[in-house]
$ cat work-v8.tsv   # TSV, N, CA and C atoms
chain	number	residue	atom	x	y	z
Z	1	MET	N	88.31	-89.52	-63.96
Z	1	MET	CA	89.37	-90.50	-63.92
Z	1	MET	C	90.66	-89.84	-64.43
Z	2	LEU	N	91.75	-90.09	-63.76
Z	2	LEU	CA	93.02	-89.52	-64.16
Z	2	LEU	C	93.54	-90.20	-65.41
Z	3	ARG	N	94.26	-89.42	-66.22
Z	3	ARG	CA	94.82	-89.95	-67.47
Z	3	ARG	C	95.73	-91.15	-67.21
Z	4	GLY	N	96.51	-91.08	-66.13
Z	4	GLY	CA	97.41	-92.20	-65.80
Z	4	GLY	C	96.64	-93.49	-65.57
Z	5	GLU	N	95.50	-93.39	-64.89
Z	5	GLU	CA	94.70	-94.60	-64.65
Z	5	GLU	C	94.10	-95.12	-65.95
Z	6	ILE	N	93.71	-94.24	-66.84
Z	6	ILE	CA	93.20	-94.67	-68.15
Z	6	ILE	C	94.28	-95.42	-68.91
Z	7	ILE	N	95.50	-94.90	-68.88
Z	7	ILE	CA	96.62	-95.58	-69.57
Z	7	ILE	C	96.86	-96.94	-68.94
Z	8	ARG	N	96.80	-97.01	-67.61
Z	8	ARG	CA	97.00	-98.31	-66.93
Z	8	ARG	C	95.95	-99.32	-67.39
Z	9	ILE	N	94.70	-98.87	-67.55
Z	9	ILE	CA	93.63	-99.77	-67.99
Z	9	ILE	C	93.88	-100.22	-69.42
Z	10	ILE	N	94.26	-99.27	-70.31
Z	10	ILE	CA	94.53	-99.62	-71.70
Z	10	ILE	C	95.67	-100.63	-71.79
Z	11	MET	N	96.69	-100.45	-70.97
Z	11	MET	CA	97.84	-101.35	-70.99
Z	11	MET	C	97.57	-102.65	-70.24
Z	12	GLY	N	96.42	-102.75	-69.62
Z	12	GLY	CA	96.10	-103.96	-68.87
Z	12	GLY	C	96.76	-104.01	-67.52
Z	13	CYS	N	97.08	-102.86	-66.96
Z	13	CYS	CA	97.76	-102.82	-65.67
Z	13	CYS	C	96.89	-102.23	-64.58
Z	14	SER	N	95.59	-102.22	-64.74
Z	14	SER	CA	94.76	-101.61	-63.71
Z	14	SER	C	94.85	-102.43	-62.43
Z	15	SER	N	94.56	-101.79	-61.33
Z	15	SER	CA	94.69	-102.45	-60.02
Z	15	SER	C	93.78	-103.67	-59.92
Z	16	SER	N	92.72	-103.72	-60.71
Z	16	SER	CA	91.82	-104.88	-60.66
Z	16	SER	C	92.44	-106.11	-61.31
Z	17	ASN	N	93.44	-105.92	-62.18
Z	17	ASN	CA	94.07	-107.06	-62.84
Z	17	ASN	C	95.14	-107.73	-61.98
Z	18	ASN	N	95.65	-107.02	-60.97
Z	18	ASN	CA	96.66	-107.56	-60.07
Z	18	ASN	C	97.85	-108.16	-60.79
Z	19	ASN	N	98.35	-107.51	-61.84
Z	19	ASN	CA	99.50	-108.06	-62.53
Z	19	ASN	C	100.80	-107.37	-62.14
Z	20	ASN	N	100.78	-106.55	-61.10
Z	20	ASN	CA	101.96	-105.96	-60.49
Z	20	ASN	C	102.86	-105.19	-61.46
Z	21	ILE	N	102.29	-104.49	-62.39
Z	21	ILE	CA	103.07	-103.62	-63.27
Z	21	ILE	C	102.94	-102.21	-62.74
Z	22	ASP	N	104.07	-101.61	-62.41
Z	22	ASP	CA	104.06	-100.25	-61.89
Z	22	ASP	C	104.46	-99.28	-62.99
Z	23	LEU	N	103.67	-98.26	-63.17
Z	23	LEU	CA	104.02	-97.18	-64.08
Z	23	LEU	C	104.72	-96.10	-63.27
Z	24	ILE	N	105.80	-95.59	-63.79
Z	24	ILE	CA	106.53	-94.54	-63.11
Z	24	ILE	C	106.08	-93.20	-63.68
Z	25	VAL	N	105.64	-92.33	-62.81
Z	25	VAL	CA	105.18	-91.01	-63.22
Z	25	VAL	C	106.37	-90.05	-63.09
Z	26	ASP	N	106.65	-89.34	-64.16
Z	26	ASP	CA	107.74	-88.38	-64.15
Z	26	ASP	C	107.19	-87.03	-64.58
Z	27	PRO	N	107.34	-85.99	-63.77
Z	27	PRO	CA	106.76	-84.68	-64.10
Z	27	PRO	C	107.35	-84.07	-65.38
Z	28	ARG	N	108.52	-84.57	-65.82
Z	28	ARG	CA	109.10	-84.04	-67.05
Z	28	ARG	C	108.33	-84.49	-68.28
Z	29	LEU	N	107.52	-85.55	-68.14
Z	29	LEU	CA	106.74	-86.08	-69.25
Z	29	LEU	C	105.30	-85.63	-69.12
Z	30	ARG	N	105.05	-84.45	-69.54
Z	30	ARG	CA	103.69	-83.91	-69.50
Z	30	ARG	C	103.48	-83.06	-70.74
Z	31	GLU	N	102.25	-82.71	-70.95
Z	31	GLU	CA	101.92	-81.88	-72.11
Z	31	GLU	C	102.51	-80.49	-71.97
Z	32	LEU	N	102.62	-79.82	-73.09
Z	32	LEU	CA	103.10	-78.45	-73.12
Z	32	LEU	C	102.11	-77.57	-72.37
Z	33	ALA	N	102.60	-76.78	-71.43
Z	33	ALA	CA	101.75	-75.85	-70.67
Z	33	ALA	C	101.43	-74.66	-71.56
Z	34	LYS	N	100.15	-74.43	-71.82
Z	34	LYS	CA	99.74	-73.43	-72.79
Z	34	LYS	C	99.28	-72.12	-72.19
Z	35	GLY	N	99.48	-71.95	-70.91
Z	35	GLY	CA	99.11	-70.68	-70.29
Z	35	GLY	C	97.63	-70.41	-70.38
Z	36	PRO	N	97.26	-69.19	-70.72
Z	36	PRO	CA	95.84	-68.83	-70.76
Z	36	PRO	C	95.05	-69.62	-71.80
Z	37	ARG	N	95.72	-70.18	-72.79
Z	37	ARG	CA	95.03	-70.95	-73.83
Z	37	ARG	C	94.70	-72.38	-73.37
Z	38	GLU	N	95.20	-72.76	-72.20
Z	38	GLU	CA	94.96	-74.10	-71.66
Z	38	GLU	C	93.46	-74.37	-71.56
Z	39	GLY	N	93.03	-75.45	-72.20
Z	39	GLY	CA	91.63	-75.84	-72.15
Z	39	GLY	C	90.74	-75.19	-73.20
Z	40	TYR	N	91.30	-74.31	-73.99
Z	40	TYR	CA	90.53	-73.65	-75.06
Z	40	TYR	C	91.00	-74.17	-76.42
Z	41	LEU	N	90.24	-73.81	-77.44
Z	41	LEU	CA	90.61	-74.19	-78.80
Z	41	LEU	C	91.96	-73.60	-79.18
Z	42	LYS	N	92.70	-74.32	-80.01
Z	42	LYS	CA	94.00	-73.85	-80.46
Z	42	LYS	C	93.90	-72.58	-81.30
Z	43	THR	N	92.72	-72.34	-81.86
Z	43	THR	CA	92.55	-71.18	-82.74
Z	43	THR	C	92.50	-69.87	-81.98
Z	44	LEU	N	92.30	-69.93	-80.66
Z	44	LEU	CA	92.26	-68.68	-79.87
Z	44	LEU	C	93.66	-68.12	-79.71
Z	45	SER	N	93.76	-66.81	-79.85
Z	45	SER	CA	95.04	-66.15	-79.60
Z	45	SER	C	95.25	-66.04	-78.09
Z	46	PHE	N	96.45	-65.68	-77.71
Z	46	PHE	CA	96.78	-65.47	-76.31
Z	46	PHE	C	95.84	-64.44	-75.70
Z	47	GLU	N	95.65	-63.33	-76.42
Z	47	GLU	CA	94.82	-62.23	-75.92
Z	47	GLU	C	93.35	-62.66	-75.79
Z	48	GLU	N	92.84	-63.40	-76.77
Z	48	GLU	CA	91.45	-63.87	-76.72
Z	48	GLU	C	91.24	-64.81	-75.53
Z	49	ALA	N	92.20	-65.68	-75.31
Z	49	ALA	CA	92.09	-66.61	-74.19
Z	49	ALA	C	92.13	-65.87	-72.85
Z	50	MET	N	93.00	-64.87	-72.73
Z	50	MET	CA	93.05	-64.08	-71.50
Z	50	MET	C	91.73	-63.37	-71.27
Z	51	SER	N	91.14	-62.82	-72.32
Z	51	SER	CA	89.85	-62.13	-72.21
Z	51	SER	C	88.77	-63.11	-71.74
Z	52	ARG	N	88.74	-64.30	-72.33
Z	52	ARG	CA	87.73	-65.30	-71.92
Z	52	ARG	C	87.92	-65.71	-70.47
Z	53	ARG	N	89.17	-65.91	-70.06
Z	53	ARG	CA	89.43	-66.29	-68.66
Z	53	ARG	C	88.92	-65.21	-67.72
Z	54	LEU	N	89.18	-63.98	-68.06
Z	54	LEU	CA	88.73	-62.87	-67.21
Z	54	LEU	C	87.21	-62.82	-67.16
Z	55	GLN	N	86.55	-62.96	-68.31
Z	55	GLN	CA	85.08	-62.94	-68.35
Z	55	GLN	C	84.49	-64.08	-67.52
Z	56	GLU	N	85.07	-65.27	-67.64
Z	56	GLU	CA	84.57	-66.42	-66.88
Z	56	GLU	C	84.79	-66.24	-65.39
Z	57	ALA	N	85.94	-65.68	-65.01
Z	57	ALA	CA	86.22	-65.45	-63.59
Z	57	ALA	C	85.24	-64.44	-63.00
Z	58	ILE	N	84.95	-63.39	-63.75
Z	58	ILE	CA	84.00	-62.38	-63.27
Z	58	ILE	C	82.61	-63.00	-63.16
Z	59	LYS	N	82.22	-63.76	-64.15
Z	59	LYS	CA	80.90	-64.41	-64.17
Z	59	LYS	C	80.74	-65.36	-62.98
Z	60	ASP	N	81.80	-66.09	-62.65
Z	60	ASP	CA	81.75	-67.08	-61.57
Z	60	ASP	C	82.14	-66.49	-60.21
Z	61	ASN	N	82.25	-65.17	-60.13
Z	61	ASN	CA	82.62	-64.48	-58.89
Z	61	ASN	C	83.95	-64.98	-58.33
Z	62	ARG	N	84.88	-65.32	-59.21
Z	62	ARG	CA	86.22	-65.76	-58.78
Z	62	ARG	C	87.24	-64.65	-58.94
Z	63	TYR	N	86.81	-63.48	-59.34
Z	63	TYR	CA	87.76	-62.40	-59.62
Z	63	TYR	C	87.27	-61.11	-58.99
Z	64	GLN	N	88.14	-60.47	-58.27
Z	64	GLN	CA	87.87	-59.15	-57.69
Z	64	GLN	C	88.85	-58.17	-58.34
Z	65	LEU	N	88.46	-56.92	-58.46
Z	65	LEU	CA	89.30	-55.93	-59.13
Z	65	LEU	C	90.67	-55.77	-58.50
Z	66	ASP	N	90.79	-56.02	-57.21
Z	66	ASP	CA	92.08	-55.86	-56.54
Z	66	ASP	C	92.92	-57.14	-56.58
Z	67	GLN	N	92.42	-58.16	-57.24
Z	67	GLN	CA	93.14	-59.43	-57.33
Z	67	GLN	C	93.78	-59.60	-58.70
Z	68	LYS	N	94.77	-60.45	-58.72
Z	68	LYS	CA	95.40	-60.80	-59.98
Z	68	LYS	C	94.72	-62.06	-60.51
Z	69	LEU	N	94.43	-62.07	-61.80
Z	69	LEU	CA	93.78	-63.23	-62.43
Z	69	LEU	C	94.74	-64.41	-62.43
Z	70	LYS	N	94.28	-65.57	-61.94
Z	70	LYS	CA	95.11	-66.77	-61.95
Z	70	LYS	C	95.08	-67.38	-63.35
Z	71	VAL	N	96.26	-67.55	-63.91
Z	71	VAL	CA	96.40	-68.08	-65.27
Z	71	VAL	C	97.30	-69.30	-65.21
Z	72	PRO	N	96.93	-70.38	-65.93
Z	72	PRO	CA	97.81	-71.56	-65.96
Z	72	PRO	C	99.20	-71.21	-66.48
Z	73	LYS	N	100.16	-72.03	-66.10
Z	73	LYS	CA	101.55	-71.83	-66.50
Z	73	LYS	C	101.68	-71.85	-68.03
Z	74	LEU	N	102.55	-71.00	-68.52
Z	74	LEU	CA	102.86	-70.95	-69.94
Z	74	LEU	C	104.32	-71.33	-70.12
Z	75	GLU	N	104.58	-72.25	-71.05
Z	75	GLU	CA	105.97	-72.60	-71.35
Z	75	GLU	C	106.17	-72.66	-72.85
Z	76	SER	N	107.39	-72.46	-73.26
Z	76	SER	CA	107.72	-72.49	-74.68
Z	76	SER	C	107.98	-73.93	-75.12
Z	77	VAL	N	108.02	-74.12	-76.41
Z	77	VAL	CA	108.36	-75.43	-76.96
Z	77	VAL	C	109.78	-75.80	-76.53
Z	78	SER	N	110.64	-74.80	-76.46
Z	78	SER	CA	112.02	-75.02	-76.00
Z	78	SER	C	112.04	-75.54	-74.56
Z	79	ASP	N	111.19	-74.99	-73.70
Z	79	ASP	CA	111.09	-75.47	-72.32
Z	79	ASP	C	110.68	-76.94	-72.29
Z	80	ALA	N	109.66	-77.27	-73.08
Z	80	ALA	CA	109.17	-78.65	-73.12
Z	80	ALA	C	110.23	-79.59	-73.69
Z	81	TRP	N	110.93	-79.14	-74.72
Z	81	TRP	CA	112.00	-79.95	-75.31
Z	81	TRP	C	113.12	-80.18	-74.29
Z	82	GLY	N	113.41	-79.17	-73.50
Z	82	GLY	CA	114.41	-79.32	-72.45
Z	82	GLY	C	114.01	-80.37	-71.43
Z	83	ARG	N	112.73	-80.38	-71.05
Z	83	ARG	CA	112.24	-81.41	-70.12
Z	83	ARG	C	112.40	-82.80	-70.72
Z	84	ALA	N	112.01	-82.94	-72.00
Z	84	ALA	CA	112.08	-84.24	-72.67
Z	84	ALA	C	113.52	-84.73	-72.82
Z	85	THR	N	114.43	-83.84	-73.22
Z	85	THR	CA	115.82	-84.26	-73.39
Z	85	THR	C	116.47	-84.57	-72.05
Z	86	ASP	N	116.06	-83.87	-71.00
Z	86	ASP	CA	116.56	-84.18	-69.66
Z	86	ASP	C	116.12	-85.57	-69.25
Z	87	TRP	N	114.88	-85.92	-69.55
Z	87	TRP	CA	114.36	-87.25	-69.23
Z	87	TRP	C	115.12	-88.32	-70.02
Z	88	ILE	N	115.33	-88.09	-71.32
Z	88	ILE	CA	116.05	-89.05	-72.15
Z	88	ILE	C	117.48	-89.23	-71.63
Z	89	ALA	N	118.14	-88.12	-71.27
Z	89	ALA	CA	119.50	-88.20	-70.73
Z	89	ALA	C	119.52	-89.03	-69.45
Z	90	SER	N	118.49	-88.89	-68.62
Z	90	SER	CA	118.45	-89.67	-67.38
Z	90	SER	C	118.28	-91.16	-67.67
Z	91	LEU	N	117.51	-91.49	-68.72
Z	91	LEU	CA	117.38	-92.90	-69.11
Z	91	LEU	C	118.71	-93.47	-69.58
Z	92	VAL	N	119.41	-92.70	-70.40
Z	92	VAL	CA	120.71	-93.14	-70.91
Z	92	VAL	C	121.69	-93.33	-69.75
Z	93	LYS	N	121.70	-92.39	-68.81
Z	93	LYS	CA	122.60	-92.51	-67.66
Z	93	LYS	C	122.26	-93.74	-66.82
Z	94	ASP	N	120.96	-93.94	-66.56
Z	94	ASP	CA	120.55	-95.11	-65.78
Z	94	ASP	C	120.95	-96.41	-66.47
Z	95	ALA	N	120.75	-96.47	-67.79
Z	95	ALA	CA	121.11	-97.67	-68.54
Z	95	ALA	C	122.62	-97.88	-68.52
Z	96	ALA	N	123.40	-96.81	-68.68
Z	96	ALA	CA	124.86	-96.91	-68.65
Z	96	ALA	C	125.33	-97.37	-67.28
Z	97	ASP	N	124.76	-96.78	-66.22
Z	97	ASP	CA	125.13	-97.18	-64.86
Z	97	ASP	C	124.82	-98.65	-64.63
Z	98	GLU	N	123.65	-99.10	-65.08
Z	98	GLU	CA	123.28	-100.50	-64.91
Z	98	GLU	C	124.22	-101.41	-65.69
Z	99	TYR	N	124.55	-101.01	-66.91
Z	99	TYR	CA	125.46	-101.81	-67.73
Z	99	TYR	C	126.83	-101.91	-67.07
Z	100	HIS	N	127.37	-100.77	-66.63
Z	100	HIS	CA	128.70	-100.78	-66.02
Z	100	HIS	C	128.71	-101.57	-64.72
Z	101	SER	N	127.65	-101.51	-63.95
Z	101	SER	CA	127.62	-102.28	-62.71
Z	101	SER	C	127.52	-103.78	-63.00
Z	102	SER	N	126.82	-104.15	-64.07
Z	102	SER	CA	126.72	-105.58	-64.41
Z	102	SER	C	128.04	-106.09	-64.98
Z	103	VAL	N	128.75	-105.27	-65.75
Z	103	VAL	CA	130.04	-105.68	-66.31
Z	103	VAL	C	131.08	-105.77	-65.21
Z	104	SER	N	131.09	-104.80	-64.30
Z	104	SER	CA	132.09	-104.82	-63.23
Z	104	SER	C	131.82	-105.94	-62.23
Z	105	SER	N	130.59	-106.43	-62.17
Z	105	SER	CA	130.29	-107.52	-61.25
Z	105	SER	C	130.78	-108.87	-61.76
Z	106	LYS	N	131.13	-108.95	-63.06
Z	106	LYS	CA	131.68	-110.18	-63.63
Z	106	LYS	C	133.18	-110.16	-63.38
Z	107	LYS	N	133.61	-110.76	-62.28
Z	107	LYS	CA	135.01	-110.72	-61.87
Z	107	LYS	C	135.89	-111.40	-62.90
Z	108	GLY	N	137.01	-110.78	-63.17
Z	108	GLY	CA	137.99	-111.36	-64.08
Z	108	GLY	C	137.68	-111.10	-65.54
Z	109	TYR	N	136.58	-110.44	-65.83
Z	109	TYR	CA	136.24	-110.17	-67.23
Z	109	TYR	C	136.75	-108.80	-67.61
Z	110	ILE	N	137.79	-108.79	-68.44
Z	110	ILE	CA	138.33	-107.55	-68.97
Z	110	ILE	C	138.49	-107.74	-70.47
Z	111	LYS	N	137.88	-106.90	-71.23
Z	111	LYS	CA	137.96	-107.01	-72.68
Z	111	LYS	C	139.33	-106.56	-73.14
Z	112	ASP	N	139.97	-107.37	-73.95
Z	112	ASP	CA	141.27	-107.05	-74.50
Z	112	ASP	C	141.06	-106.43	-75.87
Z	113	ASN	N	141.29	-105.14	-75.98
Z	113	ASN	CA	141.09	-104.46	-77.25
Z	113	ASN	C	142.04	-104.93	-78.33
Z	114	ASN	N	143.17	-105.51	-77.95
Z	114	ASN	CA	144.15	-105.96	-78.93
Z	114	ASN	C	143.84	-107.34	-79.49
Z	115	SER	N	142.77	-107.97	-79.01
Z	115	SER	CA	142.42	-109.30	-79.52
Z	115	SER	C	141.81	-109.22	-80.91
Z	116	ASP	N	141.39	-108.04	-81.31
Z	116	ASP	CA	140.82	-107.85	-82.64
Z	116	ASP	C	141.95	-107.67	-83.63
Z	117	PRO	N	142.04	-108.52	-84.67
Z	117	PRO	CA	143.14	-108.42	-85.63
Z	117	PRO	C	143.19	-107.07	-86.34
Z	118	SER	N	142.08	-106.40	-86.48
Z	118	SER	CA	142.09	-105.10	-87.15
Z	118	SER	C	142.79	-104.04	-86.31
Z	119	CYS	N	143.01	-104.33	-85.01
Z	119	CYS	CA	143.70	-103.38	-84.14
Z	119	CYS	C	145.21	-103.61	-84.17
Z	120	ASN	N	145.67	-104.63	-84.85
Z	120	ASN	CA	147.08	-104.98	-84.90
Z	120	ASN	C	147.84	-103.93	-85.70
Z	121	THR	N	148.90	-103.40	-85.11
Z	121	THR	CA	149.66	-102.35	-85.78
Z	121	THR	C	151.06	-102.82	-86.18
Z	122	THR	N	151.23	-104.11	-86.39
Z	122	THR	CA	152.54	-104.59	-86.83
Z	122	THR	C	152.52	-104.84	-88.33
Z	123	THR	N	153.71	-104.82	-88.92
Z	123	THR	CA	153.83	-105.09	-90.36
Z	123	THR	C	153.89	-106.59	-90.58
Z	124	ASP	N	153.93	-107.00	-91.84
Z	124	ASP	CA	154.01	-108.43	-92.15
Z	124	ASP	C	155.25	-109.07	-91.59
Z	125	GLU	N	156.32	-108.31	-91.39
Z	125	GLU	CA	157.57	-108.87	-90.85
Z	125	GLU	C	157.53	-108.98	-89.34
Z	126	GLY	N	156.48	-108.51	-88.69
Z	126	GLY	CA	156.37	-108.62	-87.24
Z	126	GLY	C	156.92	-107.43	-86.51
Z	127	THR	N	157.34	-106.38	-87.21
Z	127	THR	CA	157.86	-105.20	-86.52
Z	127	THR	C	156.79	-104.12	-86.49
Z	128	PRO	N	156.76	-103.32	-85.43
Z	128	PRO	CA	155.75	-102.27	-85.34
Z	128	PRO	C	155.90	-101.24	-86.47
Z	129	GLU	N	154.77	-100.68	-86.91
Z	129	GLU	CA	154.79	-99.67	-87.97
Z	129	GLU	C	155.28	-98.34	-87.45

$ encode --input "work-v8.tsv" --output "structure tokens"
Amino acid sequence: MLRGEIIRIIMGCSSSNNNNIDLIVDPRLRELAKGPREGYLKTLSFEEAMSRRLQEAIKDNRYQLDQKLKVPKLESVSDAWGRATDWIASLVKDAADEYHSSVSSKKGYIKDNNSDPSCNTTTDEGTPE
């Protein structure tokens, strides 16, 4: 079962419930890609994980000497943080666009910044400072 479907079930949005809640899948929101360590204990070093992958590939006849060993993608924490901040920025932009479109759709509504008394720049005599 895919992780997304498990989350849908936990949230009560599985297709069997028919409650029409759609989850949006975004590739920027995924776990950190750990390269050769993917699927192994965190205690393994990069080199140990590469060695295990090679041994398993040879054992399963998935590796030939003239081939390159297929290794899962490796990304840095900085790469993952970049994905996350890009996603957050897109949410902020979408929310701002929605807000501005809803405000501009209210015809005749223009906020007067000078209606706030704290913005008044005149002296007690009524002359500008």

$ atom_distance --input "work-v8.tsv" --atom1 "atom N of Ile24 of chain Z" --atom2 "atom N of Gly39 of chain Z"
25.3 Å

$ residues_around --input "work-v8.tsv" --residues "segment 79-84 of chain Z" --least-positions-apart "4" --cutoff "6.5 Å" --atoms "all atoms listed in the file" --output "ChimeraX atom specification"
/Z:28-29,32,75,88-89

$ write_last_selection --input "work-v8.tsv" --atoms "N, CA and C atoms" --output "PDB file, in the coordinates of the input"
ATOM      1  N   ARG Z  28     108.520 -84.570 -65.820  1.00  0.00           N
ATOM      2  CA  ARG Z  28     109.100 -84.040 -67.050  1.00  0.00           C
ATOM      3  C   ARG Z  28     108.330 -84.490 -68.280  1.00  0.00           C
ATOM      4  N   LEU Z  29     107.520 -85.550 -68.140  1.00  0.00           N
ATOM      5  CA  LEU Z  29     106.740 -86.080 -69.250  1.00  0.00           C
ATOM      6  C   LEU Z  29     105.300 -85.630 -69.120  1.00  0.00           C
ATOM      7  N   LEU Z  32     102.620 -79.820 -73.090  1.00  0.00           N
ATOM      8  CA  LEU Z  32     103.100 -78.450 -73.120  1.00  0.00           C
ATOM      9  C   LEU Z  32     102.110 -77.570 -72.370  1.00  0.00           C
ATOM     10  N   GLU Z  75     104.580 -72.250 -71.050  1.00  0.00           N
ATOM     11  CA  GLU Z  75     105.970 -72.600 -71.350  1.00  0.00           C
ATOM     12  C   GLU Z  75     106.170 -72.660 -72.850  1.00  0.00           C
ATOM     13  N   ILE Z  88     115.330 -88.090 -71.320  1.00  0.00           N
ATOM     14  CA  ILE Z  88     116.050 -89.050 -72.150  1.00  0.00           C
ATOM     15  C   ILE Z  88     117.480 -89.230 -71.630  1.00  0.00           C
ATOM     16  N   ALA Z  89     118.140 -88.120 -71.270  1.00  0.00           N
ATOM     17  CA  ALA Z  89     119.500 -88.200 -70.730  1.00  0.00           C
ATOM     18  C   ALA Z  89     119.520 -89.030 -69.450  1.00  0.00           C
TER      19      ALA Z  89
END

$ residues_around --input "work-v8.tsv" --residues "segment 52-55 of chain Z" --least-positions-apart "4" --cutoff "8 Å" --atoms "all atoms listed in the file" --output "MDAnalysis selection string"
chainID Z and resid 36 46:48 59:61 63 69:71

$ write_last_selection --input "work-v8.tsv" --atoms "N, CA and C atoms" --output "mmCIF file, in the frame of the given file"
data_model
loop_
_atom_site.group_PDB
_atom_site.id
_atom_site.type_symbol
_atom_site.label_atom_id
_atom_site.label_comp_id
_atom_site.auth_asym_id
_atom_site.auth_seq_id
_atom_site.Cartn_x
_atom_site.Cartn_y
_atom_site.Cartn_z
ATOM 1 N N PRO Z 36 97.260 -69.190 -70.720
ATOM 2 C CA PRO Z 36 95.840 -68.830 -70.760
ATOM 3 C C PRO Z 36 95.050 -69.620 -71.800
ATOM 4 N N PHE Z 46 96.450 -65.680 -77.710
ATOM 5 C CA PHE Z 46 96.780 -65.470 -76.310
ATOM 6 C C PHE Z 46 95.840 -64.440 -75.700
ATOM 7 N N GLU Z 47 95.650 -63.330 -76.420
ATOM 8 C CA GLU Z 47 94.820 -62.230 -75.920
ATOM 9 C C GLU Z 47 93.350 -62.660 -75.790
ATOM 10 N N GLU Z 48 92.840 -63.400 -76.770
ATOM 11 C CA GLU Z 48 91.450 -63.870 -76.720
ATOM 12 C C GLU Z 48 91.240 -64.810 -75.530
ATOM 13 N N LYS Z 59 82.220 -63.760 -64.150
ATOM 14 C CA LYS Z 59 80.900 -64.410 -64.170
ATOM 15 C C LYS Z 59 80.740 -65.360 -62.980
ATOM 16 N N ASP Z 60 81.800 -66.090 -62.650
ATOM 17 C CA ASP Z 60 81.750 -67.080 -61.570
ATOM 18 C C ASP Z 60 82.140 -66.490 -60.210
ATOM 19 N N ASN Z 61 82.250 -65.170 -60.130
ATOM 20 C CA ASN Z 61 82.620 -64.480 -58.890
ATOM 21 C C ASN Z 61 83.950 -64.980 -58.330
ATOM 22 N N TYR Z 63 86.810 -63.480 -59.340
ATOM 23 C CA TYR Z 63 87.760 -62.400 -59.620
ATOM 24 C C TYR Z 63 87.270 -61.110 -58.990
ATOM 25 N N LEU Z 69 94.430 -62.070 -61.800
ATOM 26 C CA LEU Z 69 93.780 -63.230 -62.430
ATOM 27 C C LEU Z 69 94.740 -64.410 -62.430
ATOM 28 N N LYS Z 70 94.280 -65.570 -61.940
ATOM 29 C CA LYS Z 70 95.110 -66.770 -61.950
ATOM 30 C C LYS Z 70 95.080 -67.380 -63.350
ATOM 31 N N VAL Z 71 96.260 -67.550 -63.910
ATOM 32 C CA VAL Z 71 96.400 -68.080 -65.270
ATOM 33 C C VAL Z 71 97.300 -69.300 -65.210
#

$ atom_distance --input "work-v8.tsv" --atom1 "atom C of Lys73 of chain Z" --atom2 "atom C of Pro27 of chain Z"
13.7 Å

$ atom_distance --input "work-v8.tsv" --atom1 "atom CA of Asp86 of chain Z" --atom2 "atom C of Tyr40 of chain Z"
28.3 Å

$ closest_residue --input "work-v8.tsv" --among "Z:Ser101, Z:Ser76, Z:Ser51, Z:Ser45" --to "Ala33 of chain Z" --atoms "only N, CA and C atoms"
Z:Ser76

$ closest_residue --input "work-v8.tsv" --among "Z:Val92, Z:Asp97, Z:Lys34, Z:Asp26" --to "Leu74 of chain Z" --atoms "all atoms listed in the file"
Z:Lys34
